[in-house]
file model-v8.cif (mmCIF, C-alpha atoms and all ligand atoms)
data_my_file
#
loop_
_atom_site.label_atom_id
_atom_site.label_comp_id
_atom_site.auth_asym_id
_atom_site.auth_seq_id
_atom_site.Cartn_x
_atom_site.Cartn_y
_atom_site.Cartn_z
CA MET A 1 78.56 121.35 65.69
CA PRO A 2 80.95 123.95 67.06
CA SER A 3 83.55 121.32 67.82
CA SER A 4 84.10 117.64 67.25
CA ARG A 5 86.18 117.35 70.41
CA PRO A 6 84.68 115.08 73.06
CA PRO A 7 83.63 116.75 76.31
CA LEU A 8 86.34 116.75 78.95
CA GLU A 9 84.54 114.11 81.02
CA ALA A 10 84.85 111.64 78.14
CA ALA A 11 88.43 110.83 78.98
CA PRO A 12 90.27 108.71 76.43
CA ARG A 13 89.88 104.99 76.97
CA PRO A 14 92.75 102.54 77.04
CA PRO A 15 93.94 101.49 73.58
CA ALA A 16 92.94 97.88 74.24
CA ALA A 17 89.27 98.90 74.53
CA PRO A 18 87.46 96.55 72.15
CA GLY A 19 84.15 98.42 71.99
CA ALA A 20 82.32 101.65 72.69
CA ASP A 21 80.85 100.40 75.96
CA PHE A 22 84.13 99.01 77.27
CA LEU A 23 84.37 99.56 81.00
CA PRO A 24 87.98 100.24 82.01
CA PHE A 25 89.24 99.23 85.46
CA ALA A 26 90.10 102.87 86.32
CA LEU A 27 89.48 106.37 84.98
CA PRO A 28 90.29 109.86 86.28
CA ASP A 29 87.39 112.11 87.34
CA LEU A 30 88.09 115.56 85.90
CA GLY A 31 85.50 118.28 85.38
CA ASP A 32 85.03 121.87 84.35
CA GLU A 33 86.61 123.06 87.63
CA GLU A 34 89.94 121.46 86.72
CA ALA A 35 89.73 122.82 83.16
CA ALA A 36 89.03 126.35 84.41
CA ALA A 37 91.87 126.17 86.95
CA VAL A 38 94.35 125.03 84.29
CA LEU A 39 93.24 127.80 81.94
CA GLU A 40 93.62 130.37 84.71
CA CYS A 41 97.14 129.08 85.37
CA LEU A 42 98.07 129.24 81.68
CA ARG A 43 96.76 132.79 81.40
CA SER A 44 98.60 133.88 84.55
CA GLY A 45 101.92 133.47 82.78
CA TRP A 46 103.39 131.37 85.63
CA ILE A 47 103.17 127.70 84.72
CA THR A 48 106.02 126.05 86.63
CA THR A 49 106.38 125.68 90.42
CA GLY A 50 104.93 128.77 92.09
CA ALA A 51 102.01 130.11 94.06
CA VAL A 52 99.55 127.41 92.97
CA SER A 53 101.92 124.61 94.02
CA ARG A 54 102.32 126.34 97.38
CA ARG A 55 98.54 126.50 97.72
CA PHE A 56 98.19 122.81 96.84
CA GLU A 57 100.87 121.84 99.37
CA GLN A 58 99.14 123.83 102.10
CA ALA A 59 95.68 122.47 101.23
CA PHE A 60 96.98 118.89 101.17
CA ALA A 61 98.74 119.27 104.53
CA ASP A 62 95.58 120.83 105.98
CA ALA A 63 93.48 117.93 104.65
CA LEU A 64 95.74 115.46 106.50
CA GLY A 65 95.98 117.51 109.71
CA GLY A 66 98.43 116.53 112.43
CA GLY A 67 100.80 119.43 111.87
CA VAL A 68 102.54 117.93 108.84
CA THR A 69 104.21 119.77 105.96
CA ALA A 70 103.74 118.73 102.32
CA VAL A 71 106.21 119.14 99.45
CA ALA A 72 104.83 118.73 95.92
CA VAL A 73 106.83 116.69 93.40
CA ASN A 74 106.26 115.43 89.86
CA SER A 75 105.61 111.79 90.87
CA ALA A 76 105.46 109.52 93.89
CA THR A 77 108.51 107.77 92.48
CA ALA A 78 110.40 111.08 92.71
CA GLY A 79 109.03 111.59 96.22
CA LEU A 80 110.16 108.15 97.43
CA HIS A 81 113.61 108.79 95.94
CA LEU A 82 113.85 112.20 97.64
CA ALA A 83 112.69 110.89 101.01
CA LEU A 84 115.20 108.02 101.04
CA GLU A 85 117.97 110.32 99.80
CA ALA A 86 117.20 112.83 102.54
CA LEU A 87 117.45 110.00 105.09
CA GLY A 88 120.97 109.28 103.84
CA ILE A 89 120.29 105.86 102.29
CA GLY A 90 123.25 104.88 100.08
CA PRO A 91 125.52 102.11 98.81
CA GLY A 92 125.77 99.13 101.15
CA ASP A 93 122.42 99.84 102.79
CA GLU A 94 119.41 97.54 102.71
CA VAL A 95 115.80 98.76 102.55
CA ILE A 96 112.95 96.33 103.25
CA VAL A 97 110.14 96.48 100.66
CA PRO A 98 107.10 94.23 100.09
CA THR A 99 107.20 92.07 96.97
CA MET A 100 103.52 92.82 96.27
CA THR A 101 103.97 96.34 94.93
CA PHE A 102 104.78 98.42 91.87
CA THR A 103 108.43 98.42 90.86
CA ALA A 104 108.76 102.14 91.77
CA THR A 105 108.80 101.24 95.49
CA ALA A 106 111.98 99.20 95.01
CA GLU A 107 113.67 100.95 92.09
CA VAL A 108 114.25 104.16 94.06
CA VAL A 109 116.41 102.15 96.46
CA ARG A 110 118.58 101.14 93.49
CA TYR A 111 118.79 104.80 92.35
CA LEU A 112 120.72 105.39 95.59
CA GLY A 113 122.99 102.38 95.11
CA ALA A 114 121.34 100.56 98.01
CA ASP A 115 119.64 97.14 97.90
CA PRO A 116 115.91 96.55 98.33
CA VAL A 117 115.21 93.40 100.33
CA LEU A 118 111.88 92.01 99.17
CA VAL A 119 109.68 90.36 101.78
CA ASP A 120 106.38 88.48 101.79
CA VAL A 121 103.00 90.01 102.56
CA ASP A 122 100.20 89.32 105.00
CA GLU A 123 97.88 86.66 103.62
CA ARG A 124 94.70 88.55 104.48
CA THR A 125 95.55 92.16 103.57
CA LEU A 126 98.42 91.70 101.07
CA CYS A 127 100.22 94.48 102.99
CA ILE A 128 103.82 93.92 104.11
CA CYS A 129 104.04 91.32 106.89
CA PRO A 130 105.72 92.52 110.12
CA ASP A 131 107.06 89.01 110.87
CA ALA A 132 108.64 88.90 107.41
CA ILE A 133 110.25 92.29 108.08
CA ALA A 134 111.64 91.07 111.41
CA ALA A 135 113.13 88.00 109.70
CA ALA A 136 114.78 90.13 106.99
CA ILE A 137 116.60 92.59 109.27
CA THR A 138 120.40 92.40 109.02
CA PRO A 139 123.19 94.70 110.27
CA ARG A 140 122.94 96.50 106.89
CA THR A 141 119.20 97.26 107.16
CA ARG A 142 118.53 100.99 107.29
CA ALA A 143 114.85 101.48 106.39
CA ILE A 144 111.43 99.94 105.74
CA VAL A 145 109.04 101.08 102.99
CA PRO A 146 105.56 99.73 103.78
CA VAL A 147 102.93 99.99 101.01
CA HIS A 148 99.33 100.58 102.08
CA TYR A 149 98.06 98.04 99.55
CA ALA A 150 94.84 99.00 97.72
CA GLY A 151 94.25 101.82 100.22
CA LEU A 152 94.22 99.79 103.46
CA ALA A 153 96.80 100.83 106.06
CA CYS A 154 99.55 98.38 106.98
CA ASP A 155 99.99 97.18 110.56
CA MET A 156 101.84 100.41 111.36
CA ASP A 157 102.06 99.85 115.14
CA ALA A 158 104.01 96.64 114.59
CA ILE A 159 106.16 98.17 111.82
CA LEU A 160 107.01 101.31 113.82
CA ALA A 161 107.79 99.21 116.91
CA LEU A 162 110.21 97.07 114.89
CA ALA A 163 111.78 100.19 113.40
CA ARG A 164 112.29 101.74 116.85
CA ARG A 165 113.75 98.53 118.26
CA HIS A 166 116.28 98.21 115.42
CA GLY A 167 116.95 101.92 114.76
CA LEU A 168 115.41 101.83 111.28
CA ARG A 169 113.80 104.61 109.24
CA VAL A 170 110.27 104.25 107.83
CA VAL A 171 109.05 105.85 104.59
CA GLU A 172 105.43 104.98 103.81
CA ASP A 173 104.51 104.38 100.18
CA ALA A 174 101.02 105.87 100.38
CA ALA A 175 100.43 105.92 96.61
CA HIS A 176 97.08 104.14 97.26
CA ALA A 177 96.32 105.70 100.59
CA PHE A 178 94.61 109.06 100.28
CA PRO A 179 92.53 109.37 102.33
CA THR A 180 93.33 106.30 104.48
CA ARG A 181 93.02 106.32 108.25
CA TYR A 182 94.77 104.13 110.78
CA LYS A 183 93.53 104.01 114.39
CA GLY A 184 91.86 107.40 114.02
CA ARG A 185 94.77 109.15 112.31
CA ALA A 186 95.26 109.97 108.63
CA VAL A 187 98.02 108.11 106.84
CA GLY A 188 100.57 110.89 106.38
CA THR A 189 100.34 111.93 110.04
CA LEU A 190 101.63 108.71 111.63
CA ASP A 191 105.01 108.43 113.35
CA SER A 192 107.09 107.38 110.34
CA ASP A 193 109.90 109.55 108.91
CA ALA A 194 108.01 110.49 105.74
CA THR A 195 104.95 109.51 103.71
CA VAL A 196 104.68 109.73 99.93
CA PHE A 197 101.42 110.05 97.96
CA SER A 198 100.82 109.65 94.21
CA PHE A 199 98.59 111.70 91.91
CA TYR A 200 99.07 109.45 88.88
CA ALA A 201 96.06 109.31 86.53
CA ASN A 202 94.40 106.27 88.17
CA LYS A 203 94.96 107.22 91.82
CA THR A 204 92.22 108.53 94.15
CA ILE A 205 93.03 112.12 93.18
CA THR A 206 95.16 113.05 90.19
CA THR A 207 97.28 115.86 88.78
CA GLY A 208 98.04 113.89 85.59
CA GLU A 209 101.45 113.05 87.01
CA GLY A 210 102.42 114.16 90.48
CA GLY A 211 103.18 113.25 94.06
CA MET A 212 103.55 114.66 97.56
CA VAL A 213 106.16 114.10 100.24
CA VAL A 214 104.72 114.63 103.71
CA CYS A 215 106.70 114.84 106.92
CA ARG A 216 107.30 116.82 110.10
CA ASP A 217 111.11 116.90 110.41
CA PRO A 218 112.37 120.37 109.33
CA ALA A 219 115.84 119.07 108.34
CA LEU A 220 114.33 116.33 106.17
CA LEU A 221 111.94 118.83 104.56
CA ARG A 222 114.80 121.21 103.82
CA ARG A 223 116.81 118.46 102.10
CA VAL A 224 113.77 117.26 100.09
CA ARG A 225 113.06 120.83 98.92
CA VAL A 226 116.67 121.45 97.89
CA MET A 227 117.07 118.14 96.06
CA ARG A 228 113.67 118.53 94.38
CA LEU A 229 115.08 121.36 92.26
CA HIS A 230 118.70 120.87 91.15
CA GLY A 231 120.19 121.25 94.63
CA ILE A 232 119.45 124.96 94.48
CA SER A 233 119.19 126.36 97.98
CA GLU A 234 115.73 127.86 97.36
CA ASP A 235 113.31 127.38 94.49
CA ALA A 236 112.80 129.71 91.52
CA PHE A 237 109.68 131.18 92.95
CA ASP A 238 111.54 132.45 96.01
CA ARG A 239 114.25 133.83 93.79
CA TYR A 240 111.76 136.00 91.98
CA THR A 241 109.94 137.24 95.05
CA SER A 242 112.78 137.63 97.55
CA ARG A 243 114.68 140.89 97.97
CA ARG A 244 117.88 139.35 96.67
CA PRO A 245 118.65 140.07 93.01
CA ALA A 246 116.49 137.79 90.84
CA TRP A 247 119.47 136.29 89.04
CA PHE A 248 121.25 135.02 92.17
CA TYR A 249 121.10 131.40 93.38
CA GLN A 250 123.40 128.86 94.98
CA VAL A 251 123.82 125.19 94.15
CA VAL A 252 124.56 123.19 97.29
CA ALA A 253 124.20 119.60 95.93
CA PRO A 254 123.74 117.71 92.63
CA GLY A 255 119.95 117.68 92.88
CA TYR A 256 117.15 116.38 90.68
CA LYS A 257 114.38 117.89 88.53
CA TYR A 258 111.39 116.70 90.52
CA ASN A 259 109.29 119.84 91.08
CA MET A 260 105.54 119.92 90.37
CA THR A 261 104.23 122.41 87.80
CA ASP A 262 101.55 124.93 88.74
CA ILE A 263 99.49 123.48 85.88
CA ALA A 264 99.44 120.13 87.69
CA ALA A 265 98.92 121.77 91.08
CA ALA A 266 95.92 123.69 89.71
CA ILE A 267 94.30 120.34 88.89
CA GLY A 268 95.30 119.02 92.31
CA CYS A 269 93.66 121.90 94.20
CA GLN A 270 90.34 121.18 92.47
CA GLN A 271 90.60 117.40 92.95
CA LEU A 272 91.28 117.92 96.65
CA ARG A 273 88.04 119.91 97.02
CA LYS A 274 86.12 116.88 95.74
CA ILE A 275 87.75 114.29 97.99
CA GLU A 276 84.73 113.73 100.26
CA ARG A 277 82.48 112.98 97.31
CA PHE A 278 85.16 110.80 95.71
CA LEU A 279 85.66 108.80 98.91
CA ALA A 280 81.91 108.36 99.46
CA ARG A 281 81.50 107.02 95.92
CA ARG A 282 84.41 104.60 96.29
CA GLN A 283 83.03 103.40 99.63
CA ALA A 284 79.57 102.86 98.12
CA LEU A 285 80.98 100.87 95.20
CA ALA A 286 83.13 98.73 97.54
CA ALA A 287 80.17 98.11 99.83
CA ARG A 288 78.00 96.98 96.90
CA TYR A 289 80.71 94.62 95.64
CA ALA A 290 81.02 93.19 99.15
CA GLU A 291 77.26 92.65 99.28
CA CYS A 292 76.72 91.29 95.76
CA LEU A 293 79.83 89.17 95.26
CA ARG A 294 79.85 87.37 98.61
CA GLU A 295 78.17 84.21 97.27
CA LEU A 296 80.67 83.85 94.41
CA PRO A 297 83.88 81.76 94.64
CA LEU A 298 85.85 84.96 95.34
CA ARG A 299 87.87 86.10 98.30
CA LEU A 300 86.97 89.78 98.74
CA PRO A 301 89.37 92.41 100.09
CA PRO A 302 89.11 93.15 103.82
CA ASP A 303 87.71 96.55 104.85
CA ALA A 304 89.42 98.70 107.46
CA ASP A 305 88.25 98.31 111.06
CA SER A 306 86.13 101.45 111.34
CA GLY A 307 85.41 100.67 115.00
CA ALA A 308 89.13 101.11 115.65
CA GLY A 309 89.28 104.36 113.64
CA GLY A 310 90.35 102.77 110.37
CA GLN A 311 89.33 103.94 106.91
CA HIS A 312 90.01 102.22 103.58
CA ALA A 313 90.64 104.62 100.65
CA TRP A 314 89.42 101.96 98.16
CA HIS A 315 91.92 102.93 95.47
CA LEU A 316 91.67 99.32 94.24
CA TYR A 317 89.22 96.44 94.59
CA PRO A 318 91.44 93.34 94.33
CA VAL A 319 89.72 89.93 94.56
CA ARG A 320 91.15 86.41 94.63
CA LEU A 321 89.50 83.37 93.02
CA THR A 322 88.96 80.58 95.53
CA ALA A 323 89.60 76.88 94.88
CA ALA A 324 85.88 76.48 94.12
CA ALA A 325 86.06 78.77 91.07
CA PRO A 326 85.30 76.98 87.78
CA LEU A 327 88.08 78.72 85.86
CA ALA A 328 91.53 80.16 86.35
CA ARG A 329 92.44 83.83 86.77
CA ASP A 330 93.93 84.33 83.31
CA ARG A 331 90.85 82.86 81.63
CA LEU A 332 88.49 84.97 83.76
CA ILE A 333 90.37 88.14 82.74
CA GLU A 334 90.07 87.12 79.07
CA LEU A 335 86.35 86.40 79.31
CA LEU A 336 85.68 89.65 81.16
CA ALA A 337 87.60 91.58 78.47
CA GLU A 338 85.55 89.86 75.76
CA ARG A 339 82.46 91.08 77.57
CA GLY A 340 83.80 94.64 77.69
CA ILE A 341 85.03 94.70 81.29
CA GLY A 342 88.57 95.85 82.01
CA THR A 343 90.53 94.43 84.92
CA SER A 344 94.13 94.49 86.02
CA VAL A 345 96.46 92.57 88.35
CA HIS A 346 97.98 94.36 91.33
CA TYR A 347 100.60 93.10 91.29
CA ILE A 348 102.84 90.70 89.46
CA PRO A 349 105.08 90.38 92.55
CA LEU A 350 108.46 92.04 92.11
CA HIS A 351 110.32 88.76 92.68
CA ARG A 352 108.78 87.47 89.41
CA HIS A 353 110.20 90.27 87.26
CA PRO A 354 113.49 89.42 85.50
CA TYR A 355 115.50 92.34 86.87
CA TRP A 356 114.68 91.73 90.54
CA ARG A 357 114.67 87.93 90.25
CA GLU A 358 118.07 87.77 88.59
CA ARG A 359 119.83 90.54 90.48
CA TYR A 360 118.91 89.08 93.87
CA ALA A 361 118.59 85.37 92.86
CA LEU A 362 115.02 85.28 94.14
CA ARG A 363 112.84 82.15 94.15
CA PRO A 364 109.03 82.03 94.40
CA ALA A 365 109.30 79.71 97.41
CA GLN A 366 110.69 82.64 99.43
CA PHE A 367 107.33 84.42 99.08
CA PRO A 368 104.65 81.73 99.55
CA ARG A 369 101.78 84.08 100.44
CA ALA A 370 102.43 86.59 97.62
CA GLU A 371 102.86 83.65 95.21
CA ALA A 372 99.60 81.96 96.19
CA SER A 373 97.73 85.26 96.07
CA TYR A 374 99.18 86.28 92.73
CA GLN A 375 97.94 83.11 91.02
CA SER A 376 94.30 83.99 91.76
CA LEU A 377 94.43 87.80 91.93
CA LEU A 378 92.64 90.37 89.79
CA THR A 379 91.47 93.96 90.27
CA LEU A 380 87.84 94.81 89.44
CA PRO A 381 86.76 98.20 88.06
CA LEU A 382 86.24 100.77 90.82
CA TYR A 383 86.36 104.50 90.21
CA THR A 384 84.17 107.49 90.96
CA ARG A 385 82.74 107.91 87.47
CA MET A 386 81.55 104.31 87.40
CA GLY A 387 77.74 104.30 87.44
CA ASP A 388 75.46 101.90 89.30
CA ALA A 389 74.54 100.29 85.94
CA ASP A 390 78.25 99.78 85.16
CA GLN A 391 78.70 98.00 88.47
CA THR A 392 75.56 95.92 87.91
CA ARG A 393 77.10 94.76 84.65
CA VAL A 394 80.35 93.74 86.37
CA ILE A 395 78.46 91.85 89.08
CA ALA A 396 76.12 90.11 86.58
CA THR A 397 79.02 89.13 84.31
CA LEU A 398 81.07 87.74 87.20
CA THR A 399 78.01 85.83 88.43
CA GLU A 400 77.47 84.36 84.96
CA LEU A 401 81.13 83.34 84.57
CA LEU A 402 81.70 81.98 88.08
CA CYS A 403 78.47 80.08 88.85
C1 LIG B 501 101.45 104.43 91.49
C2 LIG B 501 102.40 103.86 92.46
C3 LIG B 501 103.69 104.39 92.65
C4 LIG B 501 104.28 105.41 91.73
O1 LIG B 501 103.55 106.56 91.66
P1 LIG B 501 103.95 107.63 90.53
O2 LIG B 501 103.27 108.89 90.98
O3 LIG B 501 103.39 107.11 89.24
O4 LIG B 501 105.42 107.74 90.50
C5 LIG B 501 104.48 103.89 93.66
N1 LIG B 501 104.03 102.90 94.46
C6 LIG B 501 102.82 102.35 94.30
C7 LIG B 501 102.39 101.27 95.24
C8 LIG B 501 101.97 102.79 93.29
O5 LIG B 501 100.78 102.22 93.11
#

call {"tool": "encode", "arguments": {"input": "model-v8.cif", "output": "structure tokens", "more": "lines below"}}
Ligand SMILES: *Cc1c(COP(=O)(O)O)cnc(C)c1O
result
Amino acid sequence: MPSSRPPLEAAPRPPAAPGADFLPFALPDLGDEEAAAVLECLRSGWITTGAVSRRFEQAFADALGGGVTAVAVNSATAGLHLALEALGIGPGDEVIVPTMTFTATAEVVRYLGADPVLVDVDERTLCICPDAIAAAITPRTRAIVPVHYAGLACDMDAILALARRHGLRVVEDAAHAFPTRYKGRAVGTLDSDATVFSFYANKTITTGEGGMVVCRDPALLRRVRVMRLHGISEDAFDRYTSRRPAWFYQVVAPGYKYNMTDIAAAIGCQQLRKIERFLARRQALAARYAECLRELPLRLPPDADSGAGGQHAWHLYPVRLTAAAPLARDRLIELLAERGIGTSVHYIPLHRHPYWRERYALRPAQFPRAEASYQSLLTLPLYTRMGDADQTRVIATLTELLC
């Protein structure tokens, strides 16, 4: 054997994996193309933000269409922080966020000294509920951060109408939503102020860690670019290619270190080229779950209305146990794990976490729909490298446990 290293496709499994044929709930899909692109980047001698990041930004913006500009960052969390900072969110301001999300959506509001106001979600989609937003608006409200839960677009017409009526900014947390479409348009090209995508390892495309801020407003883009790299008026790449002396730069603000490396961007460029195949595979897996699980005591996630130009990205496949189920959610997760099937819960609502609960004196009764959903919620395995036989095993095991 020339090497005992596993092939690149055999990505490491989660530490909790009890056996060799453990099926995790998510895995990245990386191939020889990504490996070659990374190697080429390493050999080029330029590994931080440079030409490859520029190429990834352009390719991502082109993939969305709609005349948007994309700015690459080292995580969606960084991107959300930058977008809200560029909009001037600060101490005393309130930003409305759904409780059914990852803590990153809300924590960035705290970075800026502002207060996230958690609101309940829509019972059917688990996306932020426009009526709950309307009820939460106060004179201090400055912005709304809708999360396109699981890869299904929020009710953006209602959210944008509310925002216009009350003079609020909208930053979409699109960590799950590439490529999601809403009424014929790609998420990222709607009429919000900015949209932020994630390329974390389990998202629909990955750069290991990474994110993208997408928007159209030149002033906002300028601020995001400056704050992405230490508040330096232009990034290092420009410094070394412009006609000014290479050593000269100007700091115009106390910025952050949020730039994407060219190593990550090299992976991103290759992932982006595979997006049609990735989406088709996710759609096929979701369609088969919908077909084969419909008789079980499970509430399945709603698809997008394709007749109205919608498209679900199927980042996640979250199901809810119905009252007819013979066992509770926690027990089902345990039994699935014993049978080698990984699941997760998206999400433990933010109002249940000690920091958010205590800081804002939150009670479960304020979020009845998120609460009820959380009790019965689990995410089934769905990722592009999952084979038909893997899915058959998930379906057969669920059928055995729930009938
Ligand atoms: C993954 C995720 C994030 C954070 O993305 P990172 O790239 O890991 O910072 C934010 N919001 C939601 C809803 C997510 O799922």

call {"tool": "closest_atom_pairs", "arguments": {"input": "model-v8.cif", "of": "chain A", "to": "ligand LIG 501 (chain B)", "cutoff": "10 Å", "atoms": "all atoms listed in the file", "output": "tab-separated table"}}
result
residue	atom	partner	partner_atom	distance
A:Val73	CA	B:LIG501	O2	8.9
A:Asn74	CA	B:LIG501	O2	7.3
A:Ser75	CA	B:LIG501	O2	3.7
A:Ala76	CA	B:LIG501	O2	3.7
A:Thr77	CA	B:LIG501	O4	3.7
A:Ala78	CA	B:LIG501	O4	6.4
A:Gly79	CA	B:LIG501	O4	7.8
A:Leu80	CA	B:LIG501	C5	8.0
A:His81	CA	B:LIG501	O4	9.9
A:Pro98	CA	B:LIG501	C7	9.8
A:Met100	CA	B:LIG501	C7	8.6
A:Thr101	CA	B:LIG501	C7	5.2
A:Phe102	CA	B:LIG501	C6	5.0
A:Thr103	CA	B:LIG501	N1	7.2
A:Ala104	CA	B:LIG501	C5	5.0
A:Thr105	CA	B:LIG501	N1	5.2
A:Ala106	CA	B:LIG501	N1	8.8
A:Glu107	CA	B:LIG501	C5	9.8
A:Val108	CA	B:LIG501	C5	9.8
A:Pro146	CA	B:LIG501	C7	9.2
A:Val147	CA	B:LIG501	C7	5.9
A:His148	CA	B:LIG501	C7	7.5
A:Tyr149	CA	B:LIG501	C7	6.9
A:Ala150	CA	B:LIG501	O5	8.2
A:Gly151	CA	B:LIG501	C7	9.6
A:Glu172	CA	B:LIG501	N1	9.7
A:Asp173	CA	B:LIG501	N1	5.9
A:Ala174	CA	B:LIG501	C7	7.0
A:Ala175	CA	B:LIG501	C8	4.8
A:His176	CA	B:LIG501	O5	5.9
A:Ala177	CA	B:LIG501	C7	9.2
A:Val196	CA	B:LIG501	C5	8.6
A:Phe197	CA	B:LIG501	O2	7.3
A:Ser198	CA	B:LIG501	O2	4.1
A:Phe199	CA	B:LIG501	O2	5.5
A:Tyr200	CA	B:LIG501	O2	4.7
A:Ala201	CA	B:LIG501	O3	8.1
A:Asn202	CA	B:LIG501	C1	8.0
A:Lys203	CA	B:LIG501	C1	7.1
A:Thr206	CA	B:LIG501	O2	9.1
A:Thr207	CA	B:LIG501	O2	9.4
A:Gly208	CA	B:LIG501	O2	9.0
A:Glu209	CA	B:LIG501	O2	6.0
A:Gly210	CA	B:LIG501	O2	5.4
A:Gly211	CA	B:LIG501	O2	5.3
A:Met212	CA	B:LIG501	O2	8.8
A:His315	CA	B:LIG501	O5	9.2
A:Leu316	CA	B:LIG501	O5	9.6
A:His346	CA	B:LIG501	O5	8.5
A:Tyr347	CA	B:LIG501	C7	9.2

call {"tool": "closest_residue", "arguments": {"input": "model-v8.cif", "among": "A:Ile159, A:Leu296, A:Met260, A:Gly340", "to": "Cys127 in chain A", "atoms": "only C-alpha atoms"}}
result
A:Ile159

call {"tool": "closest_atom_pairs", "arguments": {"input": "model-v8.cif", "of": "range 323-395 of chain A", "to": "range 286-294 of chain A", "cutoff": "9 Å", "atoms": "only C-alpha atoms", "output": "tab-separated table"}}
result
residue	atom	partner	partner_atom	distance
A:Leu382	CA	A:Ala286	CA	7.7
A:Gln391	CA	A:Tyr289	CA	8.2
A:Ile395	CA	A:Leu293	CA	6.9

call {"tool": "atom_distance", "arguments": {"input": "model-v8.cif", "atom1": "CA of Pro91 in chain A", "atom2": "CA of Thr141 in chain A"}}
result
11.5 Å

call {"tool": "closest_atom_pairs", "arguments": {"input": "model-v8.cif", "of": "range 59-153 of chain A", "to": "range 184-190 of chain A", "cutoff": "7 Å", "atoms": "all atoms listed in the file", "output": "Markdown table"}}
result
| residue | atom | partner | partner_atom | distance |
| --- | --- | --- | --- | --- |
| A:Leu64 | CA | A:Ala186 | CA | 5.9 |
| A:Gly66 | CA | A:Thr189 | CA | 5.5 |
| A:Val68 | CA | A:Thr189 | CA | 6.5 |

call {"tool": "write_last_selection", "arguments": {"input": "model-v8.cif", "atoms": "C-alpha atoms", "output": "mmCIF file, keeping the file's coordinate frame"}}
result
data_model
loop_
_atom_site.group_PDB
_atom_site.id
_atom_site.type_symbol
_atom_site.label_atom_id
_atom_site.label_comp_id
_atom_site.auth_asym_id
_atom_site.auth_seq_id
_atom_site.Cartn_x
_atom_site.Cartn_y
_atom_site.Cartn_z
ATOM 1 C CA LEU A 64 95.740 115.460 106.500
ATOM 2 C CA GLY A 66 98.430 116.530 112.430
ATOM 3 C CA VAL A 68 102.540 117.930 108.840
#

call {"tool": "atom_distance", "arguments": {"input": "model-v8.cif", "atom1": "CA of Arg320 in chain A", "atom2": "CA of Leu300 in chain A"}}
result
6.8 Å

call {"tool": "residues_around", "arguments": {"input": "model-v8.cif", "residues": "Thr322 in chain A", "least_positions_apart": "5", "cutoff": "12 Å", "atoms": "all atoms listed in the file", "output": "PyMOL selection string"}}
result
chain A and resi 294-300+327-329+372-373+375-378+402

call {"tool": "decode", "arguments": {"input": "model-v8.cif", "residues": "range 311-334 of chain A", "atoms": "C-alpha atoms", "output": "mmCIF file, in the first residue's frame"}}
result
data_model
loop_
_atom_site.group_PDB
_atom_site.id
_atom_site.type_symbol
_atom_site.label_atom_id
_atom_site.label_comp_id
_atom_site.auth_asym_id
_atom_site.auth_seq_id
_atom_site.Cartn_x
_atom_site.Cartn_y
_atom_site.Cartn_z
ATOM 1 C CA GLN A 311 -37.459 26.286 -4.892
ATOM 2 C CA HIS A 312 -36.428 24.559 -1.662
ATOM 3 C CA ALA A 313 -32.636 24.110 -1.237
ATOM 4 C CA TRP A 314 -33.216 21.071 1.042
ATOM 5 C CA HIS A 315 -30.271 21.856 3.304
ATOM 6 C CA LEU A 316 -32.166 20.022 6.060
ATOM 7 C CA TYR A 317 -34.992 17.489 6.260
ATOM 8 C CA PRO A 318 -36.667 18.283 9.612
ATOM 9 C CA VAL A 319 -39.650 16.126 10.626
ATOM 10 C CA ARG A 320 -42.012 16.350 13.599
ATOM 11 C CA LEU A 321 -43.513 13.346 15.406
ATOM 12 C CA THR A 322 -47.303 13.534 15.498
ATOM 13 C CA ALA A 323 -49.472 12.689 18.520
ATOM 14 C CA ALA A 324 -50.004 9.208 17.037
ATOM 15 C CA ALA A 325 -46.298 8.311 17.337
ATOM 16 C CA PRO A 326 -45.633 5.440 19.763
ATOM 17 C CA LEU A 327 -42.560 7.073 21.297
ATOM 18 C CA ALA A 328 -41.142 10.475 22.122
ATOM 19 C CA ARG A 329 -38.547 12.413 20.128
ATOM 20 C CA ASP A 330 -35.630 11.853 22.512
ATOM 21 C CA ARG A 331 -36.224 8.096 22.556
ATOM 22 C CA LEU A 332 -36.519 7.944 18.757
ATOM 23 C CA ILE A 333 -33.161 9.736 18.398
ATOM 24 C CA GLU A 334 -31.586 7.229 20.816
#
